[in-house]
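Peer 1: Contents of my_file_30.cif (mmCIF, C-alpha atoms) are below:
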data_final
loop_
_atom_site.label_atom_id
_atom_site.label_comp_id
_atom_site.auth_asym_id
_atom_site.auth_seq_id
_atom_site.Cartn_x
_atom_site.Cartn_y
_atom_site.Cartn_z
CA MET H 1121 0.00 0.00 0.00
CA GLY H 1122 2.87 2.36 0.67
CA PRO H 1123 3.51 4.83 3.50
CA LYS H 1124 0.65 6.90 4.85
CA VAL H 1125 0.71 10.59 3.86
CA SER H 1126 -0.78 13.31 6.04
CA VAL H 1127 -1.94 16.14 3.76
CA ILE H 1128 -2.04 19.35 5.79
CA ILE H 1129 -3.87 22.44 4.59
CA PRO H 1130 -4.02 25.76 6.47
CA ALA H 1131 -7.14 27.71 5.51
CA TYR H 1132 -7.94 31.38 6.03
CA ASN H 1133 -10.95 32.90 4.26
CA ALA H 1134 -10.67 30.13 1.67
CA GLU H 1135 -14.38 29.50 1.09
CA GLU H 1136 -14.18 30.28 -2.63
CA TYR H 1137 -11.29 27.91 -3.43
CA ILE H 1138 -10.93 25.19 -0.81
CA ALA H 1139 -13.43 22.79 -2.42
CA GLU H 1140 -11.38 22.64 -5.65
CA THR H 1141 -8.21 22.16 -3.63
CA LEU H 1142 -9.70 19.25 -1.69
CA GLN H 1143 -11.05 17.67 -4.86
CA SER H 1144 -7.54 17.64 -6.31
CA VAL H 1145 -6.49 15.58 -3.28
CA PHE H 1146 -9.46 13.20 -3.47
CA GLU H 1147 -8.60 12.46 -7.12
CA GLN H 1148 -5.03 11.35 -6.37
CA THR H 1149 -3.88 8.06 -7.89
CA TYR H 1150 -2.22 7.29 -4.52
CA SER H 1151 -4.84 6.41 -1.92
CA ASN H 1152 -3.08 5.94 1.43
CA TYR H 1153 -3.49 9.43 2.85
CA GLU H 1154 -5.39 11.48 5.39
CA VAL H 1155 -6.41 15.13 4.95
CA ILE H 1156 -6.15 17.60 7.82
CA VAL H 1157 -7.41 21.15 7.36
CA VAL H 1158 -6.94 23.83 10.01
CA ASP H 1159 -9.20 26.86 9.79
CA ASP H 1160 -7.04 29.75 10.98
CA GLY H 1161 -9.77 32.05 12.28
CA SER H 1162 -11.56 32.63 8.97
CA LYS H 1163 -14.22 35.33 8.82
CA ASP H 1164 -16.11 33.87 5.84
CA GLY H 1165 -17.84 30.53 5.41
CA THR H 1166 -14.68 28.43 5.30
CA LEU H 1167 -15.29 26.53 8.53
CA PRO H 1168 -18.92 25.46 7.83
CA LEU H 1169 -17.85 24.37 4.35
CA LEU H 1170 -15.00 22.30 5.77
CA GLN H 1171 -17.32 20.70 8.32
CA SER H 1172 -19.43 19.42 5.42
CA TYR H 1173 -16.41 17.27 4.50
CA ALA H 1174 -16.23 15.67 7.94
CA SER H 1175 -16.40 12.14 6.54
CA LYS H 1176 -13.28 12.73 4.42
CA VAL H 1177 -11.32 15.42 6.23
CA LYS H 1178 -10.11 16.06 9.78
CA VAL H 1179 -11.08 19.64 10.53
CA PHE H 1180 -9.62 21.84 13.27
CA SER H 1181 -10.33 25.46 14.08
CA LYS H 1182 -8.21 28.01 15.92
CA ASP H 1183 -7.78 31.73 16.41
CA ASN H 1184 -5.85 33.44 13.64
CA GLY H 1185 -2.11 32.97 14.09
CA GLY H 1186 -0.73 32.56 10.60
CA PRO H 1187 0.04 29.59 8.32
CA ALA H 1188 2.90 28.26 10.46
CA SER H 1189 0.71 27.90 13.54
CA ALA H 1190 -2.05 26.24 11.48
CA ARG H 1191 0.40 23.77 9.91
CA ASN H 1192 1.83 22.96 13.34
CA VAL H 1193 -1.64 22.14 14.67
CA ALA H 1194 -2.15 19.83 11.69
CA ILE H 1195 1.23 18.14 12.11
CA ASN H 1196 0.56 17.56 15.81
CA ASN H 1197 -2.75 15.91 14.95
CA SER H 1198 -1.44 13.76 12.10
CA ASP H 1199 -0.17 10.21 12.07
CA GLY H 1200 1.29 9.78 8.59
CA GLU H 1201 4.85 8.69 7.97
CA LEU H 1202 5.04 11.51 5.44
CA ILE H 1203 3.74 15.09 5.67
CA ALA H 1204 2.55 16.86 2.51
CA PHE H 1205 1.98 20.61 2.40
CA LEU H 1206 -0.84 22.12 0.33
CA ASP H 1207 -2.15 25.69 0.36
CA SER H 1208 -5.90 26.17 0.41
CA ASP H 1209 -6.13 27.62 -3.11
CA ASP H 1210 -3.58 25.48 -4.95
CA LEU H 1211 -4.22 22.27 -6.92
CA TRP H 1212 -2.39 18.98 -7.32
CA PHE H 1213 -1.98 16.92 -10.47
CA ARG H 1214 -3.58 13.48 -10.06
CA GLU H 1215 -0.23 11.63 -10.01
CA LYS H 1216 1.45 14.07 -7.61
CA LEU H 1217 1.58 11.91 -4.49
CA GLU H 1218 2.28 8.68 -6.36
CA THR H 1219 5.26 10.21 -8.19
CA GLN H 1220 6.83 11.60 -5.02
CA ILE H 1221 6.22 8.47 -2.94
CA ARG H 1222 8.02 6.43 -5.58
CA PHE H 1223 10.88 8.94 -5.63
CA LEU H 1224 11.24 8.87 -1.82
CA GLY H 1225 11.29 5.08 -1.91
CA ASP H 1226 14.23 5.25 -4.31
CA HIS H 1227 16.03 7.88 -2.17
CA PRO H 1228 15.71 6.85 1.50
CA ASP H 1229 18.27 9.46 2.64
CA LEU H 1230 16.09 12.43 1.70
CA GLY H 1231 14.33 14.49 4.34
CA LEU H 1232 12.26 16.52 1.87
CA VAL H 1233 11.22 16.26 -1.76
CA TYR H 1234 9.42 18.86 -3.87
CA THR H 1235 8.51 19.32 -7.53
CA GLU H 1236 8.09 22.04 -10.08
CA ALA H 1237 4.73 23.84 -10.29
CA LEU H 1238 2.82 25.89 -12.83
CA MET H 1239 2.00 29.44 -11.80
CA ALA H 1240 -1.57 30.30 -12.79
CA ARG H 1241 -2.85 33.87 -12.43
CA GLN H 1242 -6.54 34.66 -12.09
CA SER H 1243 -8.08 36.83 -14.80
CA GLY H 1244 -11.79 37.18 -14.17
CA ASP H 1245 -13.14 33.64 -14.06
CA GLU H 1246 -10.15 32.24 -15.94
CA TRP H 1247 -6.78 30.96 -14.78
CA ASN H 1248 -3.92 31.66 -17.16
CA ILE H 1249 -0.66 29.69 -16.93
CA GLU H 1250 2.18 32.18 -16.69
CA ARG H 1251 5.32 30.15 -16.14
CA LYS H 1252 6.91 27.14 -14.50
CA ILE H 1253 8.44 27.63 -11.07
CA GLY H 1254 10.75 25.57 -8.86
CA PHE H 1255 14.51 25.25 -9.30
CA THR H 1256 15.28 21.52 -9.05
CA GLU H 1257 18.96 21.22 -10.00
CA ALA H 1258 20.96 19.89 -7.02
CA PRO H 1259 19.23 21.97 -4.32
CA THR H 1260 21.21 22.59 -1.13
CA PHE H 1261 21.12 24.70 2.01
CA CYS H 1262 23.74 27.04 0.56
CA LYS H 1263 21.77 27.58 -2.65
CA LEU H 1264 18.64 28.33 -0.64
CA LEU H 1265 20.43 31.24 1.04
CA TYR H 1266 20.08 33.12 -2.25
CA GLY H 1267 16.29 32.77 -2.33
CA ASP H 1268 13.33 30.44 -1.98
CA PHE H 1269 12.91 28.22 -5.05
CA ILE H 1270 10.68 25.54 -3.48
CA PRO H 1271 6.93 25.73 -4.30
CA ASN H 1272 5.22 25.19 -0.95
CA SER H 1273 2.31 23.09 -2.24
CA THR H 1274 4.66 20.50 -3.77
CA VAL H 1275 6.58 19.62 -0.59
CA ILE H 1276 6.57 16.25 1.18
CA ILE H 1277 8.62 15.81 4.37
CA ARG H 1278 9.45 12.64 6.29
CA ARG H 1279 8.09 12.64 9.83
CA SER H 1280 11.49 11.45 11.05
CA CYS H 1281 12.91 14.66 9.59
CA ILE H 1282 10.34 16.82 11.40
CA GLU H 1283 11.05 15.01 14.65
CA GLN H 1284 14.66 16.15 14.41
CA VAL H 1285 14.20 19.62 12.91
CA GLY H 1286 11.12 20.58 14.91
CA LEU H 1287 7.96 22.41 13.89
CA LEU H 1288 7.61 25.61 11.86
CA ASN H 1289 8.59 28.96 13.35
CA GLU H 1290 5.35 30.74 14.34
CA SER H 1291 6.91 34.21 14.66
CA ARG H 1292 4.65 36.83 13.08
CA GLU H 1293 7.78 38.45 11.67
CA LEU H 1294 8.05 35.45 9.34
CA ILE H 1295 4.43 35.20 8.17
CA ALA H 1296 4.50 34.62 4.39
CA ALA H 1297 8.09 33.35 4.63
CA GLU H 1298 7.72 30.72 7.35
CA ASP H 1299 7.96 27.97 4.74
CA TYR H 1300 11.23 29.36 3.34
CA GLU H 1301 12.73 29.43 6.84
CA TYR H 1302 11.59 25.84 7.33
CA TRP H 1303 13.17 24.61 4.08
CA LEU H 1304 16.48 26.11 5.19
CA ARG H 1305 16.33 24.46 8.60
CA ILE H 1306 15.55 21.10 6.99
CA ALA H 1307 18.19 21.46 4.27
CA LYS H 1308 20.82 22.24 6.91
CA LEU H 1309 20.35 18.78 8.44
CA PHE H 1310 19.02 16.59 5.62
CA PRO H 1311 19.52 16.14 1.89
CA ILE H 1312 16.61 17.52 -0.14
CA ALA H 1313 15.68 17.00 -3.78
CA GLY H 1314 13.42 18.44 -6.44
CA ILE H 1315 11.64 16.54 -9.20
CA SER H 1316 11.88 18.22 -12.60
CA GLN H 1317 8.20 17.83 -13.37
CA PRO H 1318 5.28 20.19 -12.66
CA LEU H 1319 2.87 18.40 -10.33
CA ALA H 1320 0.88 21.30 -8.88
CA TYR H 1321 -0.78 24.55 -9.85
CA TYR H 1322 0.33 27.54 -7.79
CA ARG H 1323 -2.61 29.91 -8.14
CA VAL H 1324 -2.23 33.68 -7.77
CA ARG H 1325 -5.61 35.24 -7.03
CA ASN H 1326 -6.82 38.72 -8.00
CA GLU H 1327 -6.49 39.96 -4.44
CA SER H 1328 -3.02 38.51 -3.96
CA LEU H 1329 -0.12 40.91 -3.53
CA VAL H 1330 2.36 38.53 -5.14
CA GLY H 1331 4.24 40.39 -7.84
CA ASP H 1332 2.61 43.71 -6.99
CA GLY H 1333 4.83 46.74 -6.42
CA ASN H 1334 3.57 46.98 -2.85
CA ASP H 1335 5.06 43.54 -2.19
CA ILE H 1336 8.64 44.39 -3.17
CA ASP H 1337 9.74 45.91 0.12
CA ARG H 1338 7.81 43.30 2.08
CA GLY H 1339 9.58 40.55 0.18
CA LEU H 1340 12.95 42.10 0.95
CA THR H 1341 12.06 42.45 4.63
CA LEU H 1342 10.92 38.83 4.82
CA ALA H 1343 14.03 37.51 3.07
CA THR H 1344 16.34 39.35 5.46
CA ALA H 1345 14.24 38.23 8.45
CA VAL H 1346 14.63 34.59 7.35
CA LEU H 1347 18.40 34.94 6.99
CA ARG H 1348 18.67 36.56 10.43
CA SER H 1349 16.61 33.75 11.93
CA LEU H 1350 18.88 31.12 10.38
CA GLU H 1351 22.15 32.80 11.31
CA SER H 1352 20.96 33.02 14.92
CA ILE H 1353 20.70 29.21 14.88
CA TYR H 1354 23.74 28.53 12.68
CA PRO H 1355 26.16 31.45 13.11
CA ALA H 1356 28.85 29.62 11.13
CA MET H 1357 26.65 29.12 8.08
CA TRP H 1358 28.19 31.94 6.03
CA ALA H 1359 31.70 30.57 6.42
CA GLU H 1360 30.53 26.99 5.85
CA CYS H 1361 28.86 27.99 2.57
CA GLY H 1362 31.61 30.37 1.51
CA VAL H 1363 29.04 33.16 1.18
CA ASP H 1364 29.81 36.82 1.83
CA ARG H 1365 26.86 37.87 4.02
CA ASN H 1366 27.05 41.57 3.19
CA LEU H 1367 27.41 40.89 -0.53
CA LEU H 1368 24.33 38.68 -0.46
CA LEU H 1369 22.31 41.34 1.37
CA ALA H 1370 23.51 43.88 -1.17
CA LYS H 1371 22.29 41.65 -4.01
CA LEU H 1372 18.87 41.32 -2.39
CA HIS H 1373 18.61 45.12 -2.26
CA VAL H 1374 19.69 45.45 -5.90
CA ARG H 1375 17.00 42.93 -6.84
CA ALA H 1376 14.44 45.07 -5.02
CA GLY H 1377 15.75 48.17 -6.79
CA PHE H 1378 15.43 46.38 -10.15
CA ALA H 1379 11.83 45.43 -9.32
CA TRP H 1380 10.98 49.01 -8.36
CA LYS H 1381 12.54 50.22 -11.62
CA ASN H 1382 10.31 47.84 -13.56
CA ASN H 1383 7.34 49.35 -11.72
CA GLY H 1384 8.38 52.83 -12.85
CA ARG H 1385 9.32 53.95 -9.34
CA TRP H 1386 12.81 55.30 -9.90
CA SER H 1387 13.09 57.08 -6.54
CA LYS H 1388 12.35 53.81 -4.72
CA SER H 1389 14.76 52.01 -7.02
CA LEU H 1390 17.60 54.43 -6.28
CA THR H 1391 16.95 54.12 -2.55
CA LYS H 1392 17.40 50.35 -2.77
CA TYR H 1393 20.59 50.72 -4.79
CA SER H 1394 21.91 53.11 -2.14
CA ASP H 1395 21.02 50.62 0.60
CA ALA H 1396 22.84 47.90 -1.34
CA LEU H 1397 26.04 49.95 -1.32
CA LYS H 1398 25.71 50.42 2.44
CA HIS H 1399 25.99 46.65 2.76
CA SER H 1400 28.88 46.25 0.33
CA PHE H 1401 30.64 49.19 -1.32
CA THR H 1402 32.45 47.04 -3.88
CA PRO H 1403 32.93 47.03 -7.67
CA ARG H 1404 30.72 43.95 -8.00
CA VAL H 1405 27.76 45.74 -6.42
CA PHE H 1406 28.29 48.74 -8.69
CA ARG H 1407 28.23 46.39 -11.70
CA TRP H 1408 24.99 44.82 -10.45
CA ILE H 1409 23.41 48.25 -10.08
CA ILE H 1410 24.44 49.27 -13.58
CA ALA H 1411 23.12 46.02 -15.05
CA ALA H 1412 19.85 46.27 -13.09
CA THR H 1413 19.39 49.84 -14.27
CA ILE H 1414 19.94 49.33 -18.00
CA LEU H 1415 18.77 45.76 -18.61
CA LYS H 1416 15.20 44.51 -18.98
CA ARG H 1417 16.14 41.22 -17.32
CA TRP H 1418 18.56 40.82 -14.46
CA SER H 1419 19.27 37.91 -12.12
#
Write out the structure in this file as structure tokens.

Peer 2:
Amino acid sequence: MGPKVSVIIPAYNAEEYIAETLQSVFEQTYSNYEVIVVDDGSKDGTLPLLQSYASKVKVFSKDNGGPASARNVAINNSDGELIAFLDSDDLWFREKLETQIRFLGDHPDLGLVYTEALMARQSGDEWNIERKIGFTEAPTFCKLLYGDFIPNSTVIIRRSCIEQVGLLNESRELIAAEDYEYWLRIAKLFPIAGISQPLAYYRVRNESLVGDGNDIDRGLTLATAVLRSLESIYPAMWAECGVDRNLLLAKLHVRAGFAWKNNGRWSKSLTKYSDALKHSFTPRVFRWIIAATILKRWS
């Protein structure tokens, strides 16, 4: 039959999308799973809707505390050998679990496996595929320091890994980046791997701030908060990875400046470039700034 998978879904005001998300789980070709949904203090009809699935889903409700706290409640009330993450508005391909279970069976050393995903953006009543996401080439802790490339709704983690790493960090400072911080903590102690195959739809709703200009500074703040959290646990990580901390922070600020430039906000862009130079006043950073200023695409 294969190992039991606990599918955990945090839900906040997800009434409009959660039914489709659950259906994508019920249609999996792999059948040995349980579904645990934690309503994180929703103000719409999410909880009554979830309760209508009581025969198929374990439902818990709590005061609003963020996705990390909801996932932790689900993990603590699960009994699967494997833990699968799924956001309340994303969708799985039918063979998603089966493909990853087979992969984990072939790679018993892994603590975490993820896959690529297809980003779909809402346009009225339609969902348009924009691009494929998820870097899967030899992922490591050190590579993750440069940014989060793991689509949350594709992740499966061994319970034995969680027992050693611990639960997610529930700090409100990390809300919206708690998963990224968790991947880093896991990758520091266990090998991880990505499957070069899209097995989920990552859906960006109309009301989402992802990719919006207002999200640029927030993304920068979250990324730096994650790095500070990790270096407080592993102060030697920069030396171990051979990464210049200040140069990395400078690059993150140049990225933000590039994003503001693409939004037509040159004053914000120049501020970020200036902040980058405060972290590392080096020729390399100047070259990054020049490239980010004149190029349409910059990494």

Peer 1: Within 10 Å of range 1299-1309 of chain H, counting all atoms listed in the file, which residues show up once you throw out same-chain ones fewer than 5 positions away? Write them as a VMD selection string, please.

Peer 2: chain H and resid 1187 to 1188 1205 1230 to 1232 1259 to 1265 1267 to 1272 1275 1277 1281 to 1282 1284 to 1289 1294 1342 to 1343 1345 to 1350 1353 to 1354 1357

Peer 1: So the first atom is CA of Glu1135 in chain H and the second is CA of Asn1196 in chain H; what is the distance between them in Å, to one decimal place?

Peer 2: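 Straight-line distance from CA of Glu1135 in chain H to CA of Asn1196 in chain H works out to 24.1 Å.
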
Peer 1: Interatomic distance between CA of Leu1369 in chain H and CA of Glu1250 in chain H?

Peer 2: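 Value for the CA of Leu1369 in chain H-CA of Glu1250 in chain H distance: 28.6 Å.
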
Peer 1: Env of range 1121-1126 of chain H: 7 Å cut, atoms = only C-alpha atoms, seq-sep filter 6 positions within chain, self excluded. Answer as a list in words.

Peer 2: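 Counting only the stated atoms, we get Asn1152, Tyr1153, Glu1154, Val1155, Ser1198, Asp1199, Gly1200, Glu1201, Leu1202, Ile1203 and Ala1204 of chain H.
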
Peer 1: Next, write the just-selected residues to a file, as a compact mmCIF listing (two decimals), in the coordinates of the input, keeping C-alpha atoms as the atom set.

Peer 2:
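And here is the file that came out, result_22.txt:
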# COMPACT_ATOMS: atom_id res chain seq x y z
CA ASN H 1152 -3.08 5.94 1.43
CA TYR H 1153 -3.49 9.43 2.85
CA GLU H 1154 -5.39 11.48 5.39
CA VAL H 1155 -6.41 15.13 4.95
CA SER H 1198 -1.44 13.76 12.10
CA ASP H 1199 -0.17 10.21 12.07
CA GLY H 1200 1.29 9.78 8.59
CA GLU H 1201 4.85 8.69 7.97
CA LEU H 1202 5.04 11.51 5.44
CA ILE H 1203 3.74 15.09 5.67
CA ALA H 1204 2.55 16.86 2.51

Peer 1: Can you tell me, as a VMD selection string, what residues are no more than 10 Å from Glu1140 in chain H when counting only C-alpha atoms, ignoring any on the same chain fewer than 3 positions away?

Peer 2: chain H and resid 1136 to 1137 1143 to 1146 1208 to 1212

Peer 1: In Å to one decimal, how far is CA of Ser1280 in chain H from CA of Lys1178 in chain H?

Peer 2: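 Taking CA of Lys1178 in chain H and CA of Ser1280 in chain H, their separation equals 22.1 Å.
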
Peer 1: Can you translate the PyMOL selection byres ((chain H and resi 1189) around 9) into the concrete residues it hits in this file, as a list of chain:residue names?

Peer 2: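 Applied to this file, the PyMOL selection byres ((chain H and resi 1189) around 9) returns H:Pro1130, H:Asp1160, H:Asn1184, H:Gly1185, H:Gly1186, H:Pro1187, H:Ala1188, H:Ala1190, H:Arg1191, H:Asn1192, H:Val1193, H:Ala1194, H:Leu1288, H:Asn1289, H:Glu1290, H:Ser1291.
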
Peer 1: Applying 12 Å and only C-alpha atoms, which residues near Thr1413 in chain H remain after dropping the ones on its own chain fewer than 5 positions away? List them as a ChimeraX atom specification.

Peer 2: /H:1374-1382,1384-1386,1389-1390,1392-1393,1406-1408,1418

Peer 1: Quick one: residues within 9 Å of Asp1183 in chain H, all atoms listed in the file, excluding same-chain residues fewer than 4 positions away - as a tab-separated table (two decimals) with C-alpha atoms, in the coordinates of the input?

Peer 2:
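Output (part.tsv):
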chain	number	residue	atom	x	y	z
H	1159	ASP	CA	-9.20	26.86	9.79
H	1160	ASP	CA	-7.04	29.75	10.98
H	1161	GLY	CA	-9.77	32.05	12.28
H	1162	SER	CA	-11.56	32.63	8.97

Peer 1: Please write as a list of chain:residue names the full residue list that the PyMOL selection byres ((chain H and resi 1236) around 10) yields on this file.

Peer 2: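 On this input, the PyMOL selection byres ((chain H and resi 1236) around 10) captures H:Tyr1234, H:Thr1235, H:Ala1237, H:Leu1238, H:Met1239, H:Lys1252, H:Ile1253, H:Gly1254, H:Phe1255, H:Thr1256, H:Phe1269, H:Ile1270, H:Pro1271, H:Ser1273, H:Thr1274, H:Val1275, H:Gly1314, H:Ile1315, H:Ser1316, H:Gln1317, H:Pro1318, H:Leu1319, H:Ala1320, H:Tyr1321, H:Tyr1322.
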
Peer 1: Where's the centre, and what are the edge lengths in Å to one decimal, of a box along x, y and z enclosing all listed atoms of range 1299-1317 of chain H padded 6 Å per side, as JSON?

Peer 2:
{"center_x": 14.4, "center_y": 22.8, "center_z": -2.4, "size_x": 24.9, "size_y": 25.3, "size_z": 34.0}

Peer 1: Nearest to Leu1206 in chain H among H:Asp1364, H:Thr1141, H:His1227, H:Arg1251, with distances taken over only C-alpha atoms: which residue is it?

Peer 2: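 For Leu1206 in chain H, the nearest of the given residues is H:Thr1141.
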
Peer 1: My list of candidates is H:Asp1229, H:Ala1297, H:Trp1358, H:Tyr1266. Which is closest to Gly1339 in chain H when distances are computed with only C-alpha atoms?

Peer 2: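 Distance minimum relative to Gly1339 in chain H lands on H:Ala1297.
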